[in-house]
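work_24.cif follows (mmCIF, C-alpha atoms):
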```
data_start
#
loop_
_atom_site.group_PDB
_atom_site.id
_atom_site.type_symbol
_atom_site.label_atom_id
_atom_site.label_comp_id
_atom_site.auth_asym_id
_atom_site.auth_seq_id
_atom_site.Cartn_x
_atom_site.Cartn_y
_atom_site.Cartn_z
ATOM 1 C CA MET A 8 -41.312 3.612 -25.025
ATOM 2 C CA ASN A 9 -38.140 4.551 -26.902
ATOM 3 C CA LEU A 10 -37.753 4.239 -30.655
ATOM 4 C CA TYR A 11 -34.376 3.444 -32.219
ATOM 5 C CA ILE A 12 -33.841 3.906 -35.949
ATOM 6 C CA ILE A 13 -30.596 2.096 -36.788
ATOM 7 C CA THR A 14 -29.178 2.987 -40.193
ATOM 8 C CA ARG A 15 -26.437 1.263 -42.180
ATOM 9 C CA PRO A 16 -24.925 2.955 -45.235
ATOM 10 C CA ARG A 17 -24.299 1.120 -48.472
ATOM 11 C CA ILE A 18 -20.766 -0.051 -49.113
ATOM 12 C CA GLU A 19 -19.420 1.870 -52.081
ATOM 13 C CA PRO A 20 -18.814 -0.399 -55.096
ATOM 14 C CA MET A 21 -15.393 -0.261 -56.716
ATOM 15 C CA GLU A 22 -16.926 0.942 -59.957
ATOM 16 C CA LYS A 23 -20.335 1.882 -61.245
ATOM 17 C CA ILE A 24 -21.905 -0.823 -63.341
ATOM 18 C CA SER A 25 -23.917 1.595 -65.426
ATOM 19 C CA PRO A 26 -24.368 5.367 -65.523
ATOM 20 C CA ASP A 27 -28.122 4.696 -65.404
ATOM 21 C CA ASP A 28 -27.878 3.122 -61.943
ATOM 22 C CA PRO A 29 -30.159 4.924 -59.488
ATOM 23 C CA ALA A 30 -28.500 6.932 -56.758
ATOM 24 C CA ASP A 31 -28.125 5.161 -53.415
ATOM 25 C CA ILE A 32 -30.521 6.185 -50.678
ATOM 26 C CA ASP A 33 -28.836 7.951 -47.773
ATOM 27 C CA THR A 34 -30.153 5.833 -44.910
ATOM 28 C CA GLN A 35 -29.021 8.362 -42.281
ATOM 29 C CA LYS A 36 -30.976 11.200 -43.927
ATOM 30 C CA LEU A 37 -34.003 8.931 -44.287
ATOM 31 C CA GLY A 38 -33.812 7.992 -40.594
ATOM 32 C CA GLU A 39 -33.629 11.683 -39.617
ATOM 33 C CA LYS A 40 -36.602 12.415 -41.904
ATOM 34 C CA TRP A 41 -38.637 9.677 -40.231
ATOM 35 C CA LYS A 42 -37.742 11.101 -36.820
ATOM 36 C CA SER A 43 -38.858 14.624 -37.766
ATOM 37 C CA GLU A 44 -42.122 13.292 -39.232
ATOM 38 C CA LEU A 45 -42.861 11.289 -36.073
ATOM 39 C CA VAL A 46 -42.244 14.396 -33.958
ATOM 40 C CA GLU A 47 -44.197 16.821 -36.164
ATOM 41 C CA LYS A 48 -47.112 14.685 -37.355
ATOM 42 C CA PHE A 49 -47.651 12.402 -34.383
ATOM 43 C CA GLY A 50 -46.368 14.520 -31.487
ATOM 44 C CA ILE A 51 -43.878 11.924 -30.252
ATOM 45 C CA ASP A 52 -41.321 13.470 -27.902
ATOM 46 C CA GLU A 53 -38.074 13.839 -29.864
ATOM 47 C CA ASN A 54 -36.125 12.724 -26.783
ATOM 48 C CA ARG A 55 -37.675 9.261 -27.218
ATOM 49 C CA ILE A 56 -36.478 8.780 -30.818
ATOM 50 C CA PHE A 57 -32.847 7.946 -31.533
ATOM 51 C CA VAL A 58 -31.248 7.706 -34.974
ATOM 52 C CA ILE A 59 -28.114 5.565 -34.699
ATOM 53 C CA LYS A 60 -25.628 5.136 -37.518
ATOM 54 C CA ALA A 61 -24.123 1.636 -37.510
ATOM 55 C CA ALA A 62 -21.286 0.423 -39.688
ATOM 56 C CA ALA A 63 -22.102 -1.351 -42.914
ATOM 57 C CA GLU A 64 -21.227 -5.013 -43.017
ATOM 58 C CA GLU A 65 -20.760 -7.291 -45.995
ATOM 59 C CA LEU A 66 -24.190 -8.877 -45.658
ATOM 60 C CA ARG A 67 -25.913 -5.928 -43.986
ATOM 61 C CA GLU A 68 -25.622 -2.707 -45.898
ATOM 62 C CA GLY A 69 -28.115 -0.051 -46.918
ATOM 63 C CA GLU A 70 -30.529 -1.227 -44.231
ATOM 64 C CA ILE A 71 -32.696 0.462 -41.661
ATOM 65 C CA ASP A 72 -33.757 -1.414 -38.512
ATOM 66 C CA VAL A 73 -36.395 -0.021 -36.165
ATOM 67 C CA TRP A 74 -36.528 -1.070 -32.515
ATOM 68 C CA VAL A 75 -39.101 -0.052 -29.911
ATOM 69 C CA THR A 76 -38.100 -0.684 -26.304
ATOM 70 C CA PRO A 77 -39.759 0.018 -22.963
ATOM 71 C CA PRO A 78 -38.018 2.343 -20.494
ATOM 72 C CA GLY A 79 -35.084 0.780 -18.664
ATOM 73 C CA ILE A 80 -34.204 -1.670 -21.424
ATOM 74 C CA PRO A 81 -30.645 -1.184 -22.776
ATOM 75 C CA LEU A 82 -29.886 -0.008 -26.283
ATOM 76 C CA PRO A 83 -30.221 -2.678 -28.965
ATOM 77 C CA ASN A 84 -27.082 -4.430 -30.211
ATOM 78 C CA THR A 85 -26.626 -2.888 -33.650
ATOM 79 C CA TYR A 86 -24.342 -5.755 -34.652
ATOM 80 C CA SER A 87 -26.689 -8.627 -33.837
ATOM 81 C CA SER A 88 -27.877 -10.851 -36.647
ATOM 82 C CA ASP A 89 -31.185 -12.599 -37.205
ATOM 83 C CA GLU A 90 -29.480 -15.767 -35.930
ATOM 84 C CA ASP A 91 -28.833 -14.052 -32.560
ATOM 85 C CA VAL A 92 -32.554 -13.562 -31.943
ATOM 86 C CA GLN A 93 -33.947 -16.531 -30.047
ATOM 87 C CA PRO A 94 -37.721 -17.060 -30.003
ATOM 88 C CA ASP A 95 -39.475 -17.314 -26.630
ATOM 89 C CA ASN A 96 -40.490 -20.901 -25.985
ATOM 90 C CA ASP A 97 -42.759 -20.283 -22.992
#
```
Please rewrite the model in this file as structure tokens.
Amino acid sequence: MNLYIITRPRIEPMEKISPDDPADIDTQKLGEKWKSELVEKFGIDENRIFVIKAAAEELREGEIDVWVTPPGIPLPNTYSSDEDVQPDND
């Protein structure tokens, strides 16, 4: 199995609303941290974990998606939306 950690940065606001606003989380750094923890603590081969930085979109920013795929399955579409996912009706 391959693990894909897809990160999207936050879109920078034009101005800060308040100086007390918490700092934004760096999704890319968090994704890399998760990868190193999975390798070190759980012994997962680092060649099976991919951290992919996707562009932020108006409705999708500051997010992290995690995909697990079996070997031979193509990379996930980082620009798909929840509406693109069709349930299996077997």
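The interatomic distance for the pair CA of Asp31 (chain A) and CA of Gly69 (chain A) works out to 8.3 Å.
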Task: Separation of CA of Ile18 (chain A) from CA of Leu37 (chain A) in Å - done: 16.7 Å
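Shortest separation to Asp52 (chain A) among A:Ile80, A:Val75, A:Leu10, A:Ile32 occurs at residue A:Leu10, atoms counted being only C-alpha atoms.
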Step by step, gather every atom of region 45-59 of chain A that the file lists, find the box along x, y and z that holds them, add 3 Å on each side, and finally give centre and edge lengths in Å to one decimal, as AutoDock Vina command-line options.
```
--center_x -37.9 --center_y 11.2 --center_z -32.1 --size_x 25.5 --size_y 17.3 --size_z 16.6
```
Open item on the list: Take the PyMOL selection byres ((chain A and resi 57-66) around 6), run it mentally on this structure, and tell me the resulting residues as a PyMOL selection string.
Closed with: chain A and resi 11-16+56+67-68
Open item on the list: At a cut-off of 12 Å, using only C-alpha atoms, what residues contact Arg55 (chain A)? Leave out same-chain residues fewer than 5 positions from it and give the result as a list of chain:residue names.
Closed with: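 With the cut-off at 12 Å, the set is A:Met8, A:Asn9, A:Leu10, A:Tyr11, A:Ile12, A:Lys42, A:Ser43, A:Leu45, A:Val46, A:Gly50, A:Trp74, A:Val75, A:Thr76, A:Pro77, A:Pro78.
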Could the residues in this selection be saved with C-alpha atoms as an mmCIF file, keeping the file's coordinate frame?
```cif
data_model
loop_
_atom_site.group_PDB
_atom_site.id
_atom_site.type_symbol
_atom_site.label_atom_id
_atom_site.label_comp_id
_atom_site.auth_asym_id
_atom_site.auth_seq_id
_atom_site.Cartn_x
_atom_site.Cartn_y
_atom_site.Cartn_z
ATOM 1 C CA MET A 8 -41.312 3.612 -25.025
ATOM 2 C CA ASN A 9 -38.140 4.551 -26.902
ATOM 3 C CA LEU A 10 -37.753 4.239 -30.655
ATOM 4 C CA TYR A 11 -34.376 3.444 -32.219
ATOM 5 C CA ILE A 12 -33.841 3.906 -35.949
ATOM 6 C CA LYS A 42 -37.742 11.101 -36.820
ATOM 7 C CA SER A 43 -38.858 14.624 -37.766
ATOM 8 C CA LEU A 45 -42.861 11.289 -36.073
ATOM 9 C CA VAL A 46 -42.244 14.396 -33.958
ATOM 10 C CA GLY A 50 -46.368 14.520 -31.487
ATOM 11 C CA TRP A 74 -36.528 -1.070 -32.515
ATOM 12 C CA VAL A 75 -39.101 -0.052 -29.911
ATOM 13 C CA THR A 76 -38.100 -0.684 -26.304
ATOM 14 C CA PRO A 77 -39.759 0.018 -22.963
ATOM 15 C CA PRO A 78 -38.018 2.343 -20.494
#
```
TODO: To one decimal in Å, tell me the separation between CA of Glu47 (chain A) and CA of Ile71 (chain A).
DONE: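 Spanning CA of Glu47 (chain A) to CA of Ile71 (chain A) is a straight-line distance of 20.7 Å.
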Task: Best match for closeness to Glu39 (chain A) among A:Glu70, A:Gly79, A:Arg17, A:Glu53, counting all atoms listed in the file - done: A:Glu53
Kindly complete region 48-61 of chain A to N, CA, C and O atoms; the output should be written as a short mmCIF file (atom, residue, chain, number, x, y, z; two decimals), in the frame of the given file.
```
data_model
loop_
_atom_site.label_atom_id
_atom_site.label_comp_id
_atom_site.auth_asym_id
_atom_site.auth_seq_id
_atom_site.Cartn_x
_atom_site.Cartn_y
_atom_site.Cartn_z
N LYS A 48 -45.77 15.17 -37.00
CA LYS A 48 -47.11 14.68 -37.35
C LYS A 48 -47.81 13.94 -36.23
O LYS A 48 -49.03 13.96 -36.13
N PHE A 49 -47.03 13.25 -35.39
CA PHE A 49 -47.65 12.40 -34.38
C PHE A 49 -47.38 12.87 -32.95
O PHE A 49 -47.86 12.26 -32.00
N GLY A 50 -46.60 13.94 -32.81
CA GLY A 50 -46.37 14.52 -31.49
C GLY A 50 -45.54 13.66 -30.55
O GLY A 50 -45.63 13.81 -29.34
N ILE A 51 -44.74 12.76 -31.10
CA ILE A 51 -43.88 11.92 -30.25
C ILE A 51 -42.72 12.79 -29.76
O ILE A 51 -42.13 13.54 -30.53
N ASP A 52 -42.41 12.69 -28.49
CA ASP A 52 -41.32 13.47 -27.90
C ASP A 52 -40.01 13.10 -28.60
O ASP A 52 -39.63 11.93 -28.66
N GLU A 53 -39.31 14.11 -29.13
CA GLU A 53 -38.07 13.84 -29.86
C GLU A 53 -36.99 13.21 -29.00
O GLU A 53 -36.07 12.58 -29.52
N ASN A 54 -37.10 13.34 -27.69
CA ASN A 54 -36.12 12.72 -26.78
C ASN A 54 -36.34 11.22 -26.62
O ASN A 54 -35.59 10.55 -25.93
N ARG A 55 -37.39 10.69 -27.26
CA ARG A 55 -37.67 9.26 -27.22
C ARG A 55 -37.30 8.57 -28.53
O ARG A 55 -37.46 7.36 -28.66
N ILE A 56 -36.83 9.34 -29.50
CA ILE A 56 -36.48 8.78 -30.82
C ILE A 56 -34.98 8.99 -31.04
O ILE A 56 -34.49 10.10 -30.95
N PHE A 57 -34.29 7.91 -31.35
CA PHE A 57 -32.85 7.95 -31.53
C PHE A 57 -32.50 7.40 -32.92
O PHE A 57 -32.94 6.30 -33.27
N VAL A 58 -31.74 8.17 -33.67
CA VAL A 58 -31.25 7.71 -34.97
C VAL A 58 -29.78 7.35 -34.78
O VAL A 58 -28.97 8.20 -34.42
N ILE A 59 -29.45 6.07 -34.96
CA ILE A 59 -28.11 5.56 -34.70
C ILE A 59 -27.50 5.08 -36.01
O ILE A 59 -28.11 4.26 -36.71
N LYS A 60 -26.32 5.58 -36.31
CA LYS A 60 -25.63 5.14 -37.52
C LYS A 60 -24.71 3.98 -37.15
O LYS A 60 -23.80 4.13 -36.34
N ALA A 61 -24.96 2.82 -37.73
CA ALA A 61 -24.12 1.64 -37.51
C ALA A 61 -23.26 1.42 -38.75
O ALA A 61 -23.58 1.89 -39.85
#
```
